[in-house]
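Participant: Dropping in query.tsv, which is TSV, C-alpha atoms:
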```
chain	number	residue	atom	x	y	z
A	138	MET	CA	109.22	115.90	76.20
A	139	ARG	CA	112.64	114.61	77.01
A	140	ARG	CA	113.15	110.91	76.70
A	141	ARG	CA	116.06	109.95	78.87
A	142	GLU	CA	117.18	106.69	80.27
A	143	LEU	CA	116.86	106.07	83.95
A	144	LEU	CA	120.44	105.58	84.98
A	145	ALA	CA	122.10	102.72	86.73
A	146	GLY	CA	119.63	103.30	89.53
A	147	VAL	CA	117.29	100.58	88.35
A	148	GLY	CA	119.85	97.91	89.14
A	149	ALA	CA	120.57	99.50	92.48
A	150	LEU	CA	116.87	99.53	93.31
A	151	GLY	CA	116.69	95.82	92.68
A	152	ALA	CA	119.47	95.24	95.17
A	153	LEU	CA	117.83	97.54	97.68
A	154	GLY	CA	114.77	95.33	97.65
A	155	VAL	CA	116.62	92.55	99.44
A	156	GLY	CA	117.94	94.80	102.17
A	157	GLY	CA	114.55	96.38	102.40
A	158	ALA	CA	112.85	93.10	103.13
A	159	VAL	CA	115.11	92.71	106.14
A	160	ALA	CA	114.66	96.24	107.39
A	161	PHE	CA	110.92	95.92	107.00
A	162	THR	CA	110.64	93.18	109.56
A	163	ASP	CA	111.78	95.61	112.23
A	164	LEU	CA	109.12	98.07	111.27
A	165	SER	CA	105.52	97.15	111.75
A	166	LEU	CA	103.16	98.25	109.01
A	167	THR	CA	101.37	100.50	111.41
A	168	ASP	CA	104.46	102.00	112.98
A	169	ARG	CA	104.86	105.14	110.96
A	170	GLY	CA	107.76	106.61	112.82
A	171	GLY	CA	105.87	107.79	115.89
A	172	VAL	CA	107.85	110.22	118.02
A	173	GLU	CA	111.08	109.03	116.45
A	174	GLY	CA	110.04	110.04	112.97
A	175	VAL	CA	110.11	107.95	109.81
A	176	GLU	CA	113.47	106.46	108.92
A	177	PRO	CA	114.49	108.04	105.61
A	178	VAL	CA	114.67	105.94	102.46
A	179	GLU	CA	117.10	106.62	99.63
A	180	ILE	CA	115.06	106.84	96.47
A	181	GLN	CA	115.95	107.36	92.83
A	182	ARG	CA	114.95	110.53	91.00
A	183	PHE	CA	114.03	110.58	87.35
A	184	GLU	CA	115.62	113.25	85.23
A	185	ALA	CA	112.77	115.60	84.37
A	186	ARG	CA	111.98	119.29	84.42
A	187	GLY	CA	112.88	120.50	87.91
A	188	SER	CA	114.26	117.08	88.77
A	189	PRO	CA	117.98	116.48	88.29
A	190	GLN	CA	118.94	112.85	88.09
A	191	GLY	CA	120.27	111.34	91.29
A	192	THR	CA	119.00	110.00	94.57
A	193	GLU	CA	117.70	111.60	97.72
A	194	MET	CA	116.73	110.66	101.23
A	195	VAL	CA	112.99	110.86	101.84
A	196	PRO	CA	111.97	112.35	104.19
A	197	GLU	CA	115.14	114.38	104.51
A	198	PRO	CA	116.00	115.11	108.16
A	199	GLY	CA	116.16	118.81	109.03
A	200	ARG	CA	113.67	119.96	106.41
A	201	VAL	CA	109.95	119.92	105.99
A	202	THR	CA	108.97	117.40	103.33
A	203	PHE	CA	105.92	117.18	101.09
A	204	VAL	CA	105.40	113.95	99.14
A	205	GLU	CA	102.71	112.92	96.73
A	206	MET	CA	102.56	109.19	96.08
A	207	PHE	CA	101.01	108.79	92.63
A	208	ALA	CA	100.74	106.52	89.60
A	209	THR	CA	100.41	107.33	85.92
A	210	TRP	CA	97.27	105.19	85.56
A	211	CYS	CA	95.53	107.11	88.32
A	212	GLY	CA	92.86	109.52	87.09
A	213	ILE	CA	92.63	111.45	90.36
A	214	CYS	CA	96.40	111.96	90.28
A	215	GLN	CA	96.04	113.56	86.85
A	216	ARG	CA	93.32	115.88	88.07
A	217	ASN	CA	95.41	116.74	91.10
A	218	MET	CA	98.45	117.89	89.13
A	219	PRO	CA	97.34	121.52	88.61
A	220	GLU	CA	96.92	121.81	92.40
A	221	LEU	CA	100.44	120.50	92.89
A	222	VAL	CA	101.77	122.96	90.32
A	223	GLU	CA	100.27	125.80	92.35
A	224	ALA	CA	101.44	124.40	95.66
A	225	ALA	CA	104.99	123.83	94.40
A	226	GLU	CA	105.22	127.50	93.42
A	227	ALA	CA	103.79	128.71	96.70
A	228	VAL	CA	105.84	126.78	99.26
A	229	ASP	CA	109.25	127.93	100.48
A	230	ASP	CA	112.29	126.84	98.52
A	231	ASP	CA	113.73	124.99	101.50
A	232	VAL	CA	110.84	122.52	101.55
A	233	GLN	CA	111.61	119.10	100.12
A	234	PHE	CA	108.80	118.79	97.57
A	235	LEU	CA	108.42	115.71	95.44
A	236	SER	CA	106.15	113.37	93.52
A	237	VAL	CA	106.87	109.69	93.89
A	238	THR	CA	105.32	107.01	91.72
A	239	ASN	CA	104.79	103.64	93.36
A	240	GLU	CA	104.33	101.87	90.04
A	241	PRO	CA	106.61	99.07	88.97
A	242	VAL	CA	108.70	101.01	86.47
A	243	GLY	CA	111.07	99.47	83.96
A	244	GLN	CA	109.07	96.72	82.28
A	245	THR	CA	106.17	98.08	80.31
A	246	VAL	CA	105.92	101.38	82.15
A	247	GLN	CA	109.18	103.08	81.26
A	248	PRO	CA	110.88	105.99	83.02
A	249	ALA	CA	110.19	108.06	79.89
A	250	ASP	CA	106.45	107.42	80.30
A	251	VAL	CA	106.51	108.73	83.84
A	252	VAL	CA	108.57	111.77	82.84
A	253	GLU	CA	106.21	112.56	79.99
A	254	TRP	CA	103.18	112.21	82.28
A	255	PHE	CA	104.78	114.58	84.77
A	256	GLU	CA	106.12	117.21	82.38
A	257	SER	CA	103.05	117.38	80.19
A	258	ARG	CA	101.00	118.21	83.29
A	259	GLY	CA	103.26	121.03	84.39
A	260	GLY	CA	105.50	119.13	86.79
A	261	ASN	CA	108.59	121.15	87.70
A	262	TRP	CA	109.89	119.66	90.94
A	263	HIS	CA	111.54	116.46	92.06
A	264	LEU	CA	110.12	113.30	90.51
A	265	ALA	CA	111.11	109.94	91.93
A	266	VAL	CA	110.19	106.27	91.97
A	267	ASP	CA	109.38	103.85	94.78
A	268	ASP	CA	108.91	100.75	92.68
A	269	GLU	CA	110.35	98.53	95.41
A	270	LEU	CA	107.74	100.06	97.75
A	271	GLU	CA	110.27	100.99	100.45
A	272	LEU	CA	108.80	104.40	101.08
A	273	SER	CA	105.26	103.03	100.78
A	274	ARG	CA	106.06	100.55	103.54
A	275	ARG	CA	107.50	103.08	105.91
A	276	VAL	CA	104.61	105.48	105.60
A	277	ASP	CA	102.01	102.73	105.21
A	278	ALA	CA	100.64	104.28	102.03
A	279	THR	CA	98.20	102.07	100.18
A	280	GLY	CA	96.16	104.29	97.86
A	281	VAL	CA	97.06	106.95	95.31
A	282	PRO	CA	97.21	109.85	95.36
A	283	THR	CA	98.44	110.01	98.95
A	284	HIS	CA	99.75	113.33	100.18
A	285	LEU	CA	102.07	113.45	103.17
A	286	VAL	CA	103.78	116.22	105.10
A	287	PHE	CA	106.72	115.45	107.40
A	288	ASP	CA	108.19	117.95	109.85
A	289	ALA	CA	111.94	118.55	110.16
A	290	GLU	CA	112.14	115.55	112.52
A	291	ASN	CA	110.55	113.31	109.85
A	292	ARG	CA	107.31	112.88	111.76
A	293	ILE	CA	104.17	112.66	109.64
A	294	THR	CA	102.19	115.77	110.52
A	295	TRP	CA	99.50	115.36	107.88
A	296	GLU	CA	98.29	112.83	105.40
A	297	LYS	CA	95.44	112.63	102.95
A	298	THR	CA	94.54	110.12	100.29
A	299	GLY	CA	92.49	111.51	97.42
A	300	PHE	CA	92.13	114.82	95.60
A	301	THR	CA	93.71	117.67	97.57
A	302	GLU	CA	93.59	121.40	96.84
A	303	SER	CA	96.74	123.48	96.63
A	304	ASP	CA	95.70	125.74	99.52
A	305	THR	CA	95.44	122.73	101.80
A	306	ILE	CA	98.87	121.51	100.81
A	307	VAL	CA	100.45	124.92	101.35
A	308	GLU	CA	98.76	125.36	104.75
A	309	ARG	CA	99.84	121.94	105.93
A	310	VAL	CA	103.41	122.48	104.77
A	311	GLN	CA	103.57	125.87	106.47
A	312	SER	CA	102.20	124.55	109.75
A	313	ALA	CA	104.55	121.53	109.86
B	161	MET	CA	103.52	68.74	98.00
B	162	HIS	CA	107.16	69.73	98.34
B	163	ARG	CA	107.48	72.30	100.99
B	164	ARG	CA	110.77	73.48	102.30
B	165	ALA	CA	111.27	73.93	105.97
B	166	PHE	CA	110.22	77.20	107.46
B	167	LEU	CA	112.61	79.86	108.41
B	168	LYS	CA	112.59	80.77	112.03
B	169	THR	CA	111.83	84.43	111.69
B	170	GLY	CA	110.51	86.92	109.22
B	171	ALA	CA	113.85	88.71	109.35
B	172	ALA	CA	115.62	85.64	108.05
B	173	ALA	CA	112.99	85.34	105.34
B	174	GLY	CA	114.26	88.53	103.78
B	175	LEU	CA	117.77	87.09	103.56
B	176	SER	CA	116.61	83.93	101.88
B	177	VAL	CA	116.40	85.81	98.59
B	178	SER	CA	120.14	85.47	98.25
B	179	VAL	CA	120.54	81.95	99.63
B	180	THR	CA	117.56	80.15	98.15
B	181	GLY	CA	117.42	76.41	98.39
B	182	CYS	CA	119.71	75.62	101.28
B	183	LEU	CA	117.65	76.47	104.28
B	184	ASP	CA	116.73	73.26	106.00
B	185	VAL	CA	116.23	74.77	109.38
B	186	GLY	CA	113.32	74.33	111.70
B	187	PRO	CA	110.85	71.49	112.01
B	188	LEU	CA	108.61	70.75	109.04
B	189	SER	CA	105.57	70.27	111.20
B	190	SER	CA	105.50	73.80	112.52
B	191	SER	CA	103.11	75.12	109.90
B	192	PRO	CA	101.92	78.52	111.03
B	193	GLY	CA	98.80	78.04	108.96
B	194	ALA	CA	95.48	76.78	110.27
B	195	THR	CA	95.90	73.44	108.46
B	196	ASP	CA	98.61	71.58	106.60
B	197	ASP	CA	97.18	72.83	103.32
B	198	VAL	CA	98.42	76.38	103.87
B	199	VAL	CA	101.73	77.94	104.81
B	200	LEU	CA	100.97	81.57	105.61
B	201	GLU	CA	100.17	82.47	109.20
B	202	LYS	CA	96.56	82.38	110.24
B	203	PRO	CA	95.07	85.80	109.65
B	204	GLU	CA	94.14	87.92	112.62
B	205	ARG	CA	90.80	86.90	114.11
B	206	TYR	CA	90.92	83.67	112.18
B	207	GLY	CA	88.69	81.97	114.77
B	208	ASP	CA	85.96	84.55	114.25
B	209	LEU	CA	86.30	84.39	110.49
B	210	ARG	CA	86.12	80.61	110.55
B	211	SER	CA	83.00	80.63	112.73
B	212	ALA	CA	81.40	83.17	110.41
B	213	ARG	CA	82.23	80.92	107.47
B	214	ASP	CA	80.83	77.87	109.22
B	215	GLU	CA	77.62	79.71	110.02
B	216	GLY	CA	77.28	80.90	106.44
B	217	ALA	CA	77.65	84.53	107.48
B	218	LEU	CA	80.82	85.02	105.44
B	219	GLU	CA	80.45	84.19	101.80
B	220	TYR	CA	83.94	84.54	100.44
B	221	PRO	CA	86.65	81.91	100.97
B	222	ILE	CA	89.29	82.51	103.63
B	223	HIS	CA	92.63	81.06	104.72
B	224	ALA	CA	92.65	77.25	104.32
B	225	ASP	CA	89.47	77.07	102.22
B	226	PRO	CA	89.70	75.42	98.80
B	227	LEU	CA	89.92	77.76	95.82
B	228	PRO	CA	86.43	77.96	94.29
B	229	GLU	CA	86.14	76.43	90.86
B	230	ALA	CA	84.50	78.17	87.93
B	231	THR	CA	85.04	78.02	84.20
B	232	VAL	CA	84.99	81.42	82.54
B	233	PRO	CA	86.09	82.79	79.16
B	234	ALA	CA	89.54	84.40	79.02
B	235	PRO	CA	88.91	86.56	75.94
B	236	LEU	CA	92.48	87.79	75.47
B	237	HIS	CA	93.64	84.17	75.41
B	238	ASP	CA	90.80	82.99	73.16
B	239	ARG	CA	89.81	80.17	75.45
B	240	GLU	CA	87.91	79.19	78.56
B	241	LEU	CA	89.83	78.97	81.77
B	242	THR	CA	89.00	77.06	84.93
B	243	THR	CA	90.08	78.82	88.07
B	244	THR	CA	91.53	75.58	89.46
B	245	GLU	CA	93.39	74.50	86.34
B	246	PHE	CA	96.77	75.59	87.71
B	247	VAL	CA	96.53	73.43	90.82
B	248	GLY	CA	99.81	71.57	91.15
B	249	ASP	CA	101.51	74.09	88.93
B	250	ARG	CA	101.14	77.74	89.94
B	251	HIS	CA	100.12	79.95	92.81
B	252	VAL	CA	97.10	82.00	91.79
B	253	LEU	CA	96.21	85.63	92.38
B	254	MET	CA	92.68	86.77	91.67
B	255	THR	CA	90.85	90.02	91.98
B	256	PHE	CA	87.39	91.22	91.02
B	257	ILE	CA	86.97	94.48	89.14
B	258	PHE	CA	85.14	96.60	86.63
B	259	THR	CA	87.42	98.63	84.39
B	260	ARG	CA	85.34	101.85	84.50
B	261	CYS	CA	86.00	101.90	88.24
B	262	PRO	CA	87.60	105.20	89.20
B	263	ASN	CA	89.85	104.09	92.03
B	264	ALA	CA	89.48	100.97	94.16
B	265	CYS	CA	89.70	98.46	91.31
B	266	GLN	CA	92.70	100.30	89.92
B	267	LEU	CA	94.46	99.85	93.25
B	268	LEU	CA	93.68	96.15	93.18
B	269	THR	CA	95.07	95.85	89.67
B	270	ASN	CA	98.14	97.83	90.69
B	271	ALA	CA	98.81	95.44	93.57
B	272	LEU	CA	98.68	92.46	91.19
B	273	ARG	CA	100.91	94.32	88.78
B	274	HIS	CA	103.57	94.71	91.45
B	275	VAL	CA	103.63	90.96	91.97
B	276	GLN	CA	103.74	90.40	88.22
B	277	ASP	CA	106.69	92.74	87.96
B	278	GLU	CA	108.55	90.83	90.69
B	279	SER	CA	107.66	87.53	89.06
B	280	VAL	CA	109.26	88.61	85.80
B	281	GLY	CA	112.21	90.40	87.41
B	282	ASP	CA	112.98	87.59	89.86
B	283	GLY	CA	112.34	84.70	87.49
B	284	PHE	CA	109.23	83.15	88.99
B	285	ALA	CA	106.80	84.06	86.22
B	286	ASP	CA	106.12	80.35	85.62
B	287	ASP	CA	105.10	79.83	89.25
B	288	VAL	CA	102.19	82.26	89.31
B	289	ALA	CA	99.03	83.08	87.39
B	290	PHE	CA	96.95	86.25	87.60
B	291	MET	CA	93.19	86.29	87.10
B	292	PRO	CA	91.42	89.60	87.34
B	293	VAL	CA	87.71	88.86	86.91
B	294	THR	CA	85.36	91.54	85.59
B	295	PHE	CA	81.85	91.65	87.01
B	296	ASP	CA	80.88	94.16	84.30
B	297	PRO	CA	81.05	91.96	81.19
B	298	GLU	CA	78.59	94.11	79.25
B	299	HIS	CA	81.01	97.01	79.29
B	300	ASP	CA	84.28	95.12	79.67
B	301	THR	CA	84.69	93.68	76.21
B	302	ALA	CA	87.96	92.11	75.13
B	303	ASP	CA	89.07	95.50	73.79
B	304	LYS	CA	88.26	97.25	77.06
B	305	LEU	CA	90.17	94.62	79.00
B	306	ARG	CA	93.14	94.94	76.67
B	307	ALA	CA	93.13	98.72	77.10
B	308	HIS	CA	92.92	98.29	80.88
B	309	GLY	CA	95.99	96.07	80.75
B	310	GLU	CA	97.87	98.61	78.69
B	311	ARG	CA	96.97	101.44	81.03
B	312	HIS	CA	98.38	99.46	83.93
B	313	GLY	CA	101.48	98.34	82.06
B	314	VAL	CA	100.56	94.67	82.38
B	315	ILE	CA	103.32	92.51	80.94
B	316	ARG	CA	101.80	90.30	78.28
B	317	GLU	CA	104.74	88.16	77.23
B	318	PRO	CA	104.64	85.54	80.01
B	319	GLY	CA	100.99	84.92	79.09
B	320	HIS	CA	100.07	84.39	82.73
B	321	TRP	CA	97.80	87.42	83.16
B	322	TYR	CA	94.30	86.17	82.36
B	323	TYR	CA	91.44	88.60	82.28
B	324	LEU	CA	88.32	86.55	82.97
B	325	ARG	CA	85.02	87.72	81.56
B	326	PRO	CA	81.90	85.85	82.61
B	327	ASP	CA	79.45	85.49	79.77
B	328	GLY	CA	76.89	88.18	80.64
B	329	PRO	CA	75.64	89.82	83.86
B	330	GLU	CA	73.83	86.73	85.11
B	331	ARG	CA	76.90	84.60	84.80
B	332	ALA	CA	78.96	87.34	86.49
B	333	ASP	CA	76.54	87.26	89.39
B	334	GLU	CA	76.72	83.47	89.54
B	335	VAL	CA	80.52	83.34	89.53
B	336	VAL	CA	81.55	86.44	91.49
B	337	ASN	CA	78.69	86.81	93.96
B	338	GLY	CA	77.83	83.13	94.04
B	339	GLN	CA	80.90	80.94	93.72
B	340	PHE	CA	83.48	83.40	95.03
B	341	GLY	CA	81.21	85.25	97.44
B	342	ILE	CA	82.73	88.60	96.48
B	343	GLY	CA	79.69	90.80	96.89
B	344	PHE	CA	78.98	93.30	94.16
B	345	GLU	CA	75.87	95.17	93.20
B	346	HIS	CA	75.02	97.19	90.14
B	347	LEU	CA	73.83	100.68	91.06
B	348	SER	CA	71.36	102.81	89.16
B	349	PRO	CA	72.10	106.55	88.83
B	350	GLU	CA	69.54	107.19	91.61
B	351	GLU	CA	71.18	104.67	93.92
B	352	ARG	CA	74.59	106.20	93.27
B	353	GLU	CA	73.23	109.58	94.27
B	354	GLU	CA	71.46	108.22	97.36
B	355	ARG	CA	74.64	106.59	98.58
B	356	GLU	CA	76.66	109.70	97.77
B	357	LEU	CA	78.93	107.82	95.40
B	358	GLY	CA	80.60	109.31	92.35
B	359	GLU	CA	78.77	109.06	89.06
B	360	ASN	CA	81.39	106.57	87.85
B	361	MET	CA	80.64	104.11	90.62
B	362	PHE	CA	78.48	101.83	88.55
B	363	PHE	CA	78.94	99.10	91.11
B	364	GLN	CA	79.35	98.79	94.81
B	365	HIS	CA	81.66	95.91	95.55
B	366	ILE	CA	84.02	94.26	98.02
B	367	SER	CA	87.64	95.18	97.26
B	368	ALA	CA	89.37	91.86	97.47
B	369	ILE	CA	92.45	90.00	96.33
B	370	LEU	CA	92.61	86.24	96.64
B	371	LEU	CA	95.94	84.45	96.94
B	372	ALA	CA	95.75	80.66	96.53
B	373	ASN	CA	98.68	78.28	96.73
B	374	LYS	CA	99.76	75.66	94.21
B	375	ASP	CA	97.74	73.02	96.00
B	376	GLY	CA	94.56	74.96	95.37
B	377	TYR	CA	93.99	76.33	98.87
B	378	VAL	CA	93.33	79.94	99.72
B	379	GLU	CA	96.20	81.40	101.71
B	380	ARG	CA	94.69	84.85	102.07
B	381	LEU	CA	91.68	86.84	101.05
B	382	TYR	CA	92.90	90.40	101.36
B	383	THR	CA	90.21	93.04	101.69
B	384	GLY	CA	90.15	96.81	102.10
B	385	GLN	CA	93.46	98.37	103.12
B	386	GLU	CA	95.10	94.95	103.19
B	387	ALA	CA	94.64	94.56	99.45
B	388	SER	CA	97.71	96.72	98.84
B	389	PRO	CA	100.92	96.19	96.86
B	390	VAL	CA	103.07	95.97	99.99
B	391	THR	CA	100.91	93.37	101.72
B	392	LEU	CA	100.50	91.32	98.57
B	393	VAL	CA	104.16	91.38	97.52
B	394	ASP	CA	105.16	90.29	101.03
B	395	GLY	CA	102.49	87.60	101.14
B	396	VAL	CA	103.63	86.10	97.84
B	397	GLU	CA	107.26	86.28	98.89
B	398	THR	CA	106.56	84.41	102.13
B	399	LEU	CA	104.42	81.86	100.32
B	400	ARG	CA	107.18	81.17	97.80
B	401	GLU	CA	109.84	80.87	100.49
B	402	ARG	CA	107.81	78.39	102.47
B	403	TRP	CA	106.66	76.30	99.56
```
Translate this structure into structure tokens?
Facilitator:
Amino acid sequence: MRRRELLAGVGALGALGVGGAVAFTDLSLTDRGGVEGVEPVEIQRFEARGSPQGTEMVPEPGRVTFVEMFATWCGICQRNMPELVEAAEAVDDDVQFLSVTNEPVGQTVQPADVVEWFESRGGNWHLAVDDELELSRRVDATGVPTHLVFDAENRITWEKTGFTESDTIVERVQSA
Amino acid sequence: MHRRAFLKTGAAAGLSVSVTGCLDVGPLSSSPGATDDVVLEKPERYGDLRSARDEGALEYPIHADPLPEATVPAPLHDRELTTTEFVGDRHVLMTFIFTRCPNACQLLTNALRHVQDESVGDGFADDVAFMPVTFDPEHDTADKLRAHGERHGVIREPGHWYYLRPDGPERADEVVNGQFGIGFEHLSPEEREERELGENMFFQHISAILLANKDGYVERLYTGQEASPVTLVDGVETLRERW
């Protein structure tokens, strides 16, 4: 396990929250992008196996995106990790594939806790945090785990909350 | 009651984070709530909800109802707590859970945790109190509740996160089903199978989060999909801005 600090990003996320509250008012909770696609959100990655530190736009325009919204306290998310490990290996390299925790990270749940949770369960892809709930708002995700596939135009083509098998994920990514 | 004037739009509400305290715009009388006791907008279908309440068809409190009062042990604080004791002092967030619950109750706890995180990060920890109430006191001992808090990363230092544990199943029924009208039912293994529920679903229950203002009136009773971190964080933010 690698214990690393989350970089300056935590401060930046705090600032984002204010802007986010403004942006949110233009975006009804049920408007999930429609034909226009979901407006991408810049989110902070944790440094973990398969996840270089930095930020990325989610969903990234021009690519197919798979996202799992999860939380470290979530038992189903734990059981779902082996399926994600399989799916991550099976999908094309040009797919944006990431796990995003929606927990409030930085007080008692530390970045290192999330990284340990992820790495000890075989995680080897991008790992990021949505603790200001910006992505959750835009995709209207309430439960965990929630699995989402976006096509290259950022439209949600598939979504499922709850345990999901790797074959399903791979099929949905391929057909996006 | 010291309520600041309302902002004209939700969009402006977002901005108020950076300019708190100098926003005397708009008439004071334009409360979007159903009565002067509340500041959040009336929920959708408020008329129907209110009629259902009046007819006794809806047991839990809704927008503009007084916060129900019950005195229940708070085992991690070594004292009894009355649900209305923070009236005049703090906004109150309550939810109703059992800690063995595989999913729904964890989501409710997570939503409260998000507000707690904001309250600590944004310096309003002294303006809010959290009261998750277990309706499974036989299983949810003080140790189990402590472990539940640790699993969810509950911040203990502000001391404003009160796990409430009614004294035994009968008292849980009296408080949660009775006084708060949050329906829950213990299920036998056979009933769980009949209803095609997981073996860990020891209870069937309404997923609900109650947000009451400092004056002791319910602003919102969020149920189902509405009882989410996003909805709750936004609700508390709006409540604080308008108070």
Participant: List the neighbours of A:Leu272 out to 9 Å using all atoms listed in the file; skip same-chain residues closer than 6 positions along the sequence, and give me the result as a PyMOL selection string.
Facilitator: chain A and resi 177-180+195+239+278
Participant: A:Val276, A:Val204, A:Val242, A:Ala249: which is nearest B:Asn270, counting all atoms listed in the file?
Facilitator: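 Answer, going by the shortest atom-to-atom distance: A:Val242.
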Participant: Counting all atoms listed in the file, which residues have an atom no more than 10 Å from (98.5, 83.2, 80.9) in the file's coordinates? Please list them as an MDAnalysis selection string.
Facilitator: chainID B and resid 234 236:237 241 285:286 288:291 316:323
Participant: Would you export the selected residues with C-alpha atoms as a PDB file, in the coordinates of the input, please?
Facilitator:
```
ATOM      1  CA  ALA B 234      89.540  84.400  79.020  1.00  0.00           C
ATOM      2  CA  LEU B 236      92.480  87.790  75.470  1.00  0.00           C
ATOM      3  CA  HIS B 237      93.640  84.170  75.410  1.00  0.00           C
ATOM      4  CA  LEU B 241      89.830  78.970  81.770  1.00  0.00           C
ATOM      5  CA  ALA B 285     106.800  84.060  86.220  1.00  0.00           C
ATOM      6  CA  ASP B 286     106.120  80.350  85.620  1.00  0.00           C
ATOM      7  CA  VAL B 288     102.190  82.260  89.310  1.00  0.00           C
ATOM      8  CA  ALA B 289      99.030  83.080  87.390  1.00  0.00           C
ATOM      9  CA  PHE B 290      96.950  86.250  87.600  1.00  0.00           C
ATOM     10  CA  MET B 291      93.190  86.290  87.100  1.00  0.00           C
ATOM     11  CA  ARG B 316     101.800  90.300  78.280  1.00  0.00           C
ATOM     12  CA  GLU B 317     104.740  88.160  77.230  1.00  0.00           C
ATOM     13  CA  PRO B 318     104.640  85.540  80.010  1.00  0.00           C
ATOM     14  CA  GLY B 319     100.990  84.920  79.090  1.00  0.00           C
ATOM     15  CA  HIS B 320     100.070  84.390  82.730  1.00  0.00           C
ATOM     16  CA  TRP B 321      97.800  87.420  83.160  1.00  0.00           C
ATOM     17  CA  TYR B 322      94.300  86.170  82.360  1.00  0.00           C
ATOM     18  CA  TYR B 323      91.440  88.600  82.280  1.00  0.00           C
TER      19      TYR B 323
END
```
Participant: Using only C-alpha atoms, which of the listed residues (A:Glu220, A:Glu308, A:Asp250, A:Glu226) sits closest to chain B?
Facilitator: A:Asp250
Participant: Calculated over all atoms listed in the file, which of the candidates B:Asp196, B:Asp327, B:Asp333, B:Glu278 has the smallest distance to chain A?
Facilitator: B:Glu278
Participant: Could you check which of A:Phe207, A:Phe234, A:Trp254, A:Phe183 is closest to A:Thr298, using only C-alpha atoms?
Facilitator: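 Residue with the minimum atom-to-atom distance to A:Thr298: A:Phe207.
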Participant: Neighbouring residues of A:Gly191 were defined as those with any atom within 8 Å, considering only C-alpha atoms; residues of the same chain fewer than 3 positions away were excluded. Please report them as a ChimeraX atom specification.
Facilitator: /A:181-184
Participant: Can you tell me how far atom CA of A:Pro198 sits from atom CA of A:Glu269, in Å to one decimal?
Facilitator: 21.7 Å
Participant: Mind pulling up the distance from atom CA of B:Ile222 to atom CA of B:Asp282?
Facilitator: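 The value is 27.9 Å.
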